[in-house]
>>> print(open('start-v2.txt').read())   # compact mmCIF, C-alpha atoms
# COMPACT_ATOMS: atom_id res chain seq x y z
CA MET A 1 15.53 12.75 -2.63
CA GLU A 2 15.17 9.75 -4.94
CA ARG A 3 18.48 7.88 -5.17
CA THR A 4 17.58 4.24 -5.76
CA SER A 5 19.58 2.67 -8.57
CA ASN A 6 19.78 -1.11 -8.00
CA GLY A 7 21.76 -1.43 -11.18
CA GLY A 8 18.89 -0.03 -13.25
CA MET A 9 16.48 -2.78 -12.14
CA LEU A 10 12.86 -2.25 -11.08
CA TYR A 11 11.33 -4.03 -8.10
CA HIS A 12 7.71 -5.06 -8.61
CA GLU A 13 5.25 -7.20 -6.65
CA VAL A 14 2.26 -8.87 -8.30
CA GLN A 15 -1.00 -9.01 -6.35
CA GLU A 16 -1.12 -11.77 -3.74
CA SER A 17 -4.39 -12.24 -1.81
CA ASN A 18 -5.33 -8.83 -0.41
CA LEU A 19 -1.77 -7.70 0.25
CA CYS A 20 -1.78 -4.58 -1.93
CA ALA A 21 -0.65 -2.45 1.05
CA VAL A 22 2.43 -4.65 1.47
CA HIS A 23 3.14 -4.44 -2.26
CA CYS A 24 2.66 -0.67 -2.16
CA VAL A 25 5.13 -0.12 0.71
CA ASN A 26 7.74 -2.41 -0.82
CA THR A 27 7.57 -0.79 -4.25
CA VAL A 28 7.92 2.64 -2.61
CA LEU A 29 11.11 1.33 -0.99
CA GLN A 30 12.04 -0.66 -4.12
CA GLY A 31 12.77 -3.90 -2.32
CA PRO A 32 11.09 -6.66 -0.24
CA PHE A 33 11.51 -4.81 3.06
CA PHE A 34 8.15 -5.66 4.65
CA SER A 35 5.95 -8.75 4.91
CA GLU A 36 2.25 -8.96 5.74
CA PHE A 37 3.24 -10.04 9.27
CA ASP A 38 5.39 -6.92 9.72
CA LEU A 39 2.46 -4.66 8.80
CA ALA A 40 0.12 -6.70 11.01
CA ALA A 41 2.48 -6.09 13.92
CA VAL A 42 2.50 -2.34 13.18
CA ALA A 43 -1.31 -2.37 13.06
CA ALA A 44 -1.54 -4.22 16.40
CA ASP A 45 0.84 -1.72 18.00
CA LEU A 46 -1.25 1.20 16.74
CA ASP A 47 -4.43 -0.48 17.98
CA GLY A 48 -2.89 -0.95 21.42
CA LYS A 49 -1.85 2.70 21.66
CA GLU A 50 -5.26 3.90 20.47
CA ARG A 51 -7.04 1.74 23.05
CA GLN A 52 -4.78 3.06 25.80
CA VAL A 53 -5.61 6.66 24.85
CA MET A 54 -9.34 5.83 24.80
CA LEU A 55 -9.12 4.10 28.19
CA GLU A 56 -7.39 7.11 29.68
CA GLY A 57 -10.10 9.32 28.20
CA ALA A 58 -12.80 7.03 29.55
CA ALA A 59 -11.86 7.87 33.13
CA VAL A 60 -12.24 11.57 32.38
CA GLY A 61 -15.43 11.23 30.36
CA GLY A 62 -17.13 8.80 32.69
CA PHE A 63 -17.29 5.95 30.17
CA ALA A 64 -16.78 2.29 31.03
CA PRO A 65 -13.46 0.82 29.76
CA GLY A 66 -15.39 -2.08 28.27
CA ASP A 67 -17.07 0.30 25.83
CA PHE A 68 -13.76 0.56 23.97
CA LEU A 69 -12.39 -2.94 24.35
CA ALA A 70 -15.02 -4.37 21.99
CA GLU A 71 -13.97 -2.02 19.21
CA GLU A 72 -12.62 -3.74 16.11
CA SER A 73 -9.23 -2.79 14.73
CA HIS A 74 -9.25 0.46 12.82
CA ASN A 75 -5.86 -0.30 11.28
CA VAL A 76 -6.31 -3.70 9.66
CA SER A 77 -9.19 -5.91 8.62
CA LEU A 78 -9.09 -9.70 8.82
CA GLY A 79 -8.91 -9.67 5.03
CA GLY A 80 -5.59 -7.83 5.15
CA ASP A 81 -6.62 -4.26 4.28
CA PHE A 82 -4.34 -1.86 6.19
CA SER A 83 -4.96 1.79 7.09
CA ILE A 84 -2.90 4.75 5.91
CA GLN A 85 -1.59 5.05 9.48
CA VAL A 86 0.02 1.61 9.15
CA LEU A 87 1.70 2.58 5.88
CA GLN A 88 2.89 5.83 7.44
CA LYS A 89 4.40 4.09 10.48
CA ALA A 90 6.09 1.46 8.30
CA LEU A 91 7.71 4.10 6.09
CA GLU A 92 8.73 6.18 9.10
CA VAL A 93 11.17 3.37 9.91
CA TRP A 94 13.05 4.50 6.78
CA ASP A 95 12.76 8.18 7.68
CA LEU A 96 10.08 8.76 5.05
CA GLN A 97 7.02 10.98 5.46
CA VAL A 98 3.60 10.39 3.89
CA ILE A 99 1.74 13.65 3.17
CA PRO A 100 -1.74 14.08 1.60
CA LEU A 101 -1.45 15.66 -1.82
CA ASN A 102 -4.38 17.99 -1.10
CA CYS A 103 -2.81 19.64 1.97
CA PRO A 104 -1.27 23.16 1.78
CA ASP A 105 2.27 21.83 2.32
CA ALA A 106 1.92 19.78 -0.86
CA GLU A 107 1.16 22.72 -3.15
CA PRO A 108 4.50 22.47 -5.05
CA ALA A 109 3.74 18.82 -5.85
CA GLN A 110 0.28 19.78 -7.10
CA ILE A 111 1.85 22.23 -9.51
CA ASP A 112 4.78 20.05 -10.64
CA PRO A 113 4.53 16.39 -9.51
CA GLU A 114 7.66 15.56 -11.52
CA LEU A 115 9.74 17.14 -8.73
CA GLU A 116 8.63 14.41 -6.30
CA SER A 117 9.91 10.85 -5.96
CA ALA A 118 6.87 8.73 -5.06
CA PHE A 119 3.12 8.80 -4.64
CA ILE A 120 0.80 6.41 -2.80
CA CYS A 121 -2.72 6.01 -4.18
CA HIS A 122 -5.74 4.54 -2.38
CA LEU A 123 -9.37 3.83 -3.26
CA HIS A 124 -11.66 1.56 -1.23
CA ASP A 125 -9.48 -1.45 -0.36
CA HIS A 126 -6.69 -1.03 -2.93
CA TRP A 127 -3.27 0.63 -2.57
CA PHE A 128 -0.60 1.16 -5.19
CA CYS A 129 2.54 3.20 -5.72
CA ILE A 130 3.71 5.53 -8.48
CA ARG A 131 7.49 5.80 -8.22
CA LYS A 132 10.39 7.52 -9.93
CA VAL A 133 13.32 5.14 -10.44
CA ASN A 134 16.52 6.23 -12.15
CA GLY A 135 14.82 9.40 -13.39
CA GLU A 136 11.84 7.61 -14.96
CA TRP A 137 8.29 7.29 -13.60
CA TYR A 138 6.49 3.96 -13.28
CA ASN A 139 3.09 2.75 -12.16
CA PHE A 140 3.84 -0.10 -9.72
CA ASP A 141 0.21 -1.17 -9.29
CA SER A 142 0.28 -4.80 -8.12
CA LEU A 143 -2.66 -5.52 -10.43
CA LEU A 144 -0.25 -5.03 -13.31
CA ALA A 145 2.01 -7.86 -14.41
CA ALA A 146 4.99 -5.47 -14.46
CA PRO A 147 5.75 -1.79 -13.78
CA GLN A 148 4.17 0.47 -16.40
CA HIS A 149 6.29 3.36 -17.64
CA LEU A 150 4.73 6.82 -17.37
CA SER A 151 6.07 9.73 -19.37
CA LYS A 152 6.74 12.95 -17.48
CA PHE A 153 4.00 14.63 -19.48
CA TYR A 154 1.49 11.86 -18.70
CA LEU A 155 2.31 11.73 -14.96
CA SER A 156 0.35 14.89 -14.16
CA ALA A 157 -2.60 13.81 -16.31
CA PHE A 158 -2.62 10.38 -14.69
CA LEU A 159 -2.67 11.87 -11.18
CA ASP A 160 -5.47 14.25 -12.18
CA SER A 161 -7.43 11.32 -13.59
CA LEU A 162 -7.04 9.39 -10.33
CA LYS A 163 -8.14 12.39 -8.25
CA GLY A 164 -11.15 12.85 -10.51
CA SER A 165 -12.09 9.21 -9.95
CA GLY A 166 -12.07 9.58 -6.17
CA TRP A 167 -8.61 8.22 -5.36
CA SER A 168 -6.78 9.55 -2.30
CA ILE A 169 -3.19 10.46 -3.18
CA PHE A 170 -0.25 10.90 -0.81
CA ILE A 171 3.30 12.12 -1.43
CA VAL A 172 6.22 10.19 0.04
CA LYS A 173 9.15 12.41 1.02
CA GLY A 174 12.54 11.75 2.59
CA ASN A 175 15.72 9.80 1.98
CA PHE A 176 14.78 6.64 0.17
CA PRO A 177 16.94 3.49 0.51
CA GLN A 178 19.79 3.81 -1.94
CA GLU A 179 20.18 0.12 -2.66
CA CYS A 180 18.41 -3.14 -1.92
CA PRO A 181 20.59 -6.23 -2.40
CA MET A 182 18.94 -8.45 -5.00
CA SER A 183 19.35 -11.58 -2.88
CA SER A 184 17.51 -14.85 -3.39
CA SER A 185 17.56 -15.63 0.34
CA SER A 186 14.26 -15.89 2.17
CA GLU A 187 15.25 -12.94 4.36
CA ALA A 188 15.47 -10.57 1.41
CA SER A 189 12.84 -11.83 -1.00
CA ASN A 190 9.31 -13.14 -1.17
CA SER A 191 7.23 -15.26 -3.49
CA PHE A 192 5.45 -12.35 -5.16
CA GLY A 193 8.36 -9.94 -5.75
CA GLN A 194 10.54 -9.77 -8.83
CA TRP A 195 13.36 -7.67 -10.27
CA LEU A 196 12.87 -6.54 -13.86
CA SER A 197 14.84 -4.45 -16.29
CA PRO A 198 12.88 -1.56 -17.85
CA GLU A 199 13.00 -3.44 -21.16
CA ASP A 200 11.57 -6.62 -19.63
CA ALA A 201 8.86 -4.62 -17.86
CA GLU A 202 7.82 -2.97 -21.13
CA ARG A 203 7.78 -6.34 -22.92
CA ILE A 204 5.61 -7.93 -20.22
CA ILE A 205 3.16 -5.02 -20.20
CA LYS A 206 2.81 -5.18 -23.98
CA SER A 207 2.42 -8.95 -23.93
CA THR A 208 -0.18 -8.85 -21.16
CA SER A 209 -2.13 -6.08 -22.87
CA SER A 210 -2.17 -8.08 -26.08
CA SER A 211 -3.44 -11.16 -24.23
CA VAL A 212 -6.22 -9.16 -22.60
CA ARG A 213 -7.24 -7.68 -25.95
CA GLY A 214 -7.35 -11.12 -27.54
CA SER A 215 -9.36 -12.57 -24.68
CA SER A 216 -11.80 -9.67 -24.73
CA ALA A 217 -12.29 -10.03 -28.46
CA ARG A 218 -13.05 -13.75 -28.17
CA ASN A 219 -15.36 -13.47 -25.18
CA ASN A 220 -17.19 -10.28 -26.11
CA ARG A 221 -17.14 -9.57 -29.82
CA SER A 222 -19.87 -7.00 -29.43
CA ASN A 223 -17.45 -4.69 -27.61
CA ASP A 224 -14.21 -4.03 -29.45
CA ASN A 225 -13.17 -1.23 -27.11
CA VAL A 226 -12.97 -3.11 -23.81
CA ASP A 227 -9.21 -2.78 -23.55
CA GLN A 228 -9.27 0.86 -24.63
CA GLN A 229 -11.58 1.70 -21.74
CA ARG A 230 -8.83 0.87 -19.23
CA PRO A 231 -5.52 1.99 -20.79
CA ASN A 232 -3.74 2.33 -17.46
CA GLN A 233 -4.42 -1.17 -16.15
CA ALA A 234 -3.36 -4.34 -17.96
CA LEU A 235 -5.66 -6.53 -15.88
CA SER A 236 -8.88 -5.73 -14.05
CA ARG A 237 -9.13 -6.64 -10.37
CA GLU A 238 -11.62 -9.38 -11.22
CA GLU A 239 -9.18 -10.93 -13.69
CA VAL A 240 -6.34 -10.86 -11.17
CA GLN A 241 -8.55 -12.42 -8.53
CA ALA A 242 -9.51 -15.17 -10.96
CA PHE A 243 -5.87 -16.11 -11.46
CA SER A 244 -4.59 -15.69 -7.90
CA GLU A 245 -5.32 -17.40 -4.60
CA MET A 246 -7.46 -15.02 -2.59
CA GLU A 247 -7.54 -17.03 0.63
CA ASP A 248 -4.46 -16.72 2.81
CA ASP A 249 -5.07 -18.62 6.05
CA ASP A 250 -1.64 -17.77 7.46
CA LEU A 251 -2.25 -14.05 6.95
CA LYS A 252 -5.69 -14.13 8.56
CA ALA A 253 -4.41 -16.20 11.47
CA ALA A 254 -1.51 -13.81 12.06
CA ILE A 255 -3.76 -10.75 11.93
CA ALA A 256 -6.32 -12.38 14.21
CA ALA A 257 -3.57 -13.29 16.68
CA SER A 258 -2.18 -9.76 16.60
CA LEU A 259 -5.60 -8.28 17.25
CA LEU A 260 -6.21 -10.78 20.04
CA ASP A 261 -2.93 -9.80 21.71
CA ALA A 262 -3.87 -6.13 21.44
CA SER A 263 -7.33 -6.82 22.89
CA ALA A 264 -5.81 -8.76 25.78
CA ALA A 265 -3.46 -5.88 26.50
CA GLY A 266 -6.40 -3.51 26.42
CA ALA A 267 -8.37 -5.75 28.76
CA ASN A 268 -5.52 -5.66 31.26
CA LEU A 269 -5.51 -1.89 31.08
CA GLY A 270 -9.27 -1.91 31.60
CA ASP A 271 -8.96 -4.10 34.69
CA MET A 272 -6.31 -1.77 36.06
CA GLY A 273 -8.61 1.20 35.48
CA THR A 274 -11.51 -0.52 37.20
CA SER A 275 -9.37 -1.49 40.17
CA GLN A 276 -8.13 2.07 40.46
CA LYS A 277 -11.70 3.40 40.53
CA GLU A 278 -12.70 0.91 43.23
CA THR A 279 -9.69 1.91 45.31
CA GLU A 280 -10.65 5.57 45.00
CA LYS A 281 -14.23 4.81 46.07
CA GLU A 282 -13.00 2.93 49.19
CA LYS A 283 -10.97 5.97 50.09
>>> encode(input="start-v2.txt", output="structure tokens")
Amino acid sequence: MERTSNGGMLYHEVQESNLCAVHCVNTVLQGPFFSEFDLAAVAADLDGKERQVMLEGAAVGGFAPGDFLAEESHNVSLGGDFSIQVLQKALEVWDLQVIPLNCPDAEPAQIDPELESAFICHLHDHWFCIRKVNGEWYNFDSLLAAPQHLSKFYLSAFLDSLKGSGWSIFIVKGNFPQECPMSSSSEASNSFGQWLSPEDAERIIKSTSSSVRGSSARNNRSNDNVDQQRPNQALSREEVQAFSEMEDDDLKAAIAASLLDASAAGANLGDMGTSQKETEKEK
């Protein structure tokens, strides 16, 4: 059930480095609930549990524990791209479920997506959220300068267009946070999040679209339809990357440290398994 009001304000995060998964989770929750370090910790925890399962299976299958310890993380890359499992675990903290739209349980949403409250979309290394706030649907793609309003009629067509382009779509179900205090403190905000009224969001989208059209006309006069070819995205990924800092040393260091901790934990488990085998042989 979608209940978020926040005084009619919309919470949006603009793309920072490769943190689209963080932006996606926070716009689903409509507030700055998670940081990149929080998701990195979730990924490291998942990696540790997966390695433990593989190590336990290694004893049964006759594999060496070291065969699994060298495996890279399946839940986060050093560039900051998180897996769907990480997003699912993060949202589970708020008693929310993430369900693939193409599964049998999601048939009602396939027929009438308007009855849902939020969708998560993924293609290659990009995540974004489509969310209903105060009865209205918005595209909270972090590549957009502001949330883009979607009419109820267009919602279904937009989802169909994404599916046709190869996007994976998930439904988010459960009891969403009712309110997120719009605090300026560092504990409740971040440098890439902002609260916008629907009117301000519409003004920013129109202004950004106009700027893109003007720039396209100046730089490529032979193609007057550049902006029309991408009506659902105010800025292309290349344009966003050109205007944002794509290197985040703190993020990479934190992820690397998390993965190192998980590997060390796995190595300890591997040593324990080896010692246990040697003990059994002596017997």
>>> atom_distance(input="start-v2.txt", atom1="atom CA of A:Cys24", atom2="atom CA of A:Phe128")
4.8 Å
>>> closest_residue(input="start-v2.txt", among="A:Leu150, A:Cys103, A:Ala90, A:Val133", to="A:Met9", atoms="all atoms listed in the file")
A:Val133
>>> atom_distance(input="start-v2.txt", atom1="atom CA of A:Gln110", atom2="atom CA of A:Asp141")
21.1 Å
>>> closest_residue(input="start-v2.txt", among="A:Lys132, A:Asp160, A:Phe34, A:Ala118", to="A:Lys89", atoms="all atoms listed in the file")
A:Phe34
>>> closest_residue(input="start-v2.txt", among="A:Ala106, A:Ile204, A:His12, A:Cys20", to="A:Cys121", atoms="all atoms listed in the file")
A:Cys20
>>> residues_around(input="start-v2.txt", residues="A:Asp95", least_positions_apart="5", cutoff="9 Å", atoms="only C-alpha atoms", output="VMD selection string")
chain A and resid 173 to 176
